[in-house]
Amino acid sequence: MLAAECIDSRAPINIEEKRRTTTRIAMRVPRSCFGEPIISRLSCEHGLTVTIIAALLGESPEDDGWFTLELTGTTQQIQSGIIYLEELDLEIWDKTAVEDESW
């Protein structure tokens, strides 16, 4: 039997849906969102791997937080995570795809 004959033609394979990619975002988190498990939800509810590249949290209770994050997941997972952040009314800048540097 040829290898091609072993593939179930009823189950379409879309490699793009499974391919993981990384996007870097910068975002502002208003003081009103402090205490919310935002990064945890990106991971648990949206299936993303989140890497904190930079963070700035002021000591003053009036200061907002600023984060630069790398989100790694499928394109669909990343889009879902960004929609979640936008629904929280967080300001998001610089949605940049990060080149895959792994071999």
# chains A, B, ... in the order shown; residues from 1 in each chain; ligands from 1
call {"tool": "closest_atom_pairs", "arguments": {"of": "range 51-91 of chain A", "to": "range 22-27 of chain A", "cutoff": "7 Å", "atoms": "only C-alpha atoms", "output": "Markdown table"}}
result
| residue | atom | partner | partner_atom | distance |
| --- | --- | --- | --- | --- |
| A:Trp66 | CA | A:Met27 | CA | 5.8 |
| A:Phe67 | CA | A:Met27 | CA | 5.4 |
| A:Thr68 | CA | A:Ala26 | CA | 4.3 |
| A:Leu69 | CA | A:Ile25 | CA | 5.4 |
| A:Glu70 | CA | A:Arg24 | CA | 4.3 |
| A:Leu71 | CA | A:Thr23 | CA | 5.2 |
| A:Thr72 | CA | A:Thr22 | CA | 4.3 |
| A:Gly73 | CA | A:Thr22 | CA | 6.6 |
| A:Leu90 | CA | A:Met27 | CA | 6.7 |
| A:Glu91 | CA | A:Met27 | CA | 5.4 |
call {"tool": "residues_around", "arguments": {"residues": "Asp89 in chain A", "least_positions_apart": "6", "cutoff": "10 Å", "atoms": "only C-alpha atoms", "output": "JSON list (two decimals) with C-alpha atoms, in the first residue's frame"}}
result
[["chain", "number", "residue", "atom", "x", "y", "z"],
["A", 28, "ARG", "CA", -1.08, 49.41, 28.35],
["A", 29, "VAL", "CA", -2.98, 47.95, 31.29],
["A", 30, "PRO", "CA", -5.01, 50.57, 33.18],
["A", 33, "CYS", "CA", -7.45, 46.04, 35.46],
["A", 83, "ILE", "CA", -9.64, 40.01, 20.68]]
call {"tool": "closest_residue", "arguments": {"among": "A:Thr74, A:Ser80, A:Thr96, A:Ser60", "to": "Arg31 in chain A", "atoms": "only C-alpha atoms"}}
result
A:Ser60
call {"tool": "closest_residue", "arguments": {"among": "A:Glu59, A:Asp94, A:Glu45, A:Glu36", "to": "Gly81 in chain A", "atoms": "only C-alpha atoms"}}
result
A:Glu45
call {"tool": "decode", "arguments": {"residues": "range 20-39 of chain A", "atoms": "C-alpha atoms", "output": "mmCIF file, in the first residue's frame"}}
result
data_model
loop_
_atom_site.group_PDB
_atom_site.id
_atom_site.type_symbol
_atom_site.label_atom_id
_atom_site.label_comp_id
_atom_site.auth_asym_id
_atom_site.auth_seq_id
_atom_site.Cartn_x
_atom_site.Cartn_y
_atom_site.Cartn_z
ATOM 1 C CA ARG A 20 2.741 27.950 15.617
ATOM 2 C CA THR A 21 3.927 31.497 15.185
ATOM 3 C CA THR A 22 5.010 34.302 17.485
ATOM 4 C CA THR A 23 3.670 37.850 17.609
ATOM 5 C CA ARG A 24 5.073 40.652 19.744
ATOM 6 C CA ILE A 25 2.681 43.221 21.179
ATOM 7 C CA ALA A 26 3.021 46.229 23.437
ATOM 8 C CA MET A 27 0.058 47.073 25.630
ATOM 9 C CA ARG A 28 -1.083 49.414 28.349
ATOM 10 C CA VAL A 29 -2.982 47.952 31.288
ATOM 11 C CA PRO A 30 -5.006 50.571 33.178
ATOM 12 C CA ARG A 31 -4.947 50.539 36.943
ATOM 13 C CA SER A 32 -8.590 49.391 36.908
ATOM 14 C CA CYS A 33 -7.453 46.039 35.461
ATOM 15 C CA PHE A 34 -4.755 45.373 38.063
ATOM 16 C CA GLY A 35 -5.523 42.128 39.860
ATOM 17 C CA GLU A 36 -7.135 40.591 36.768
ATOM 18 C CA PRO A 37 -5.422 37.364 35.631
ATOM 19 C CA ILE A 38 -4.923 38.699 32.087
ATOM 20 C CA ILE A 39 -1.732 36.828 31.229
#
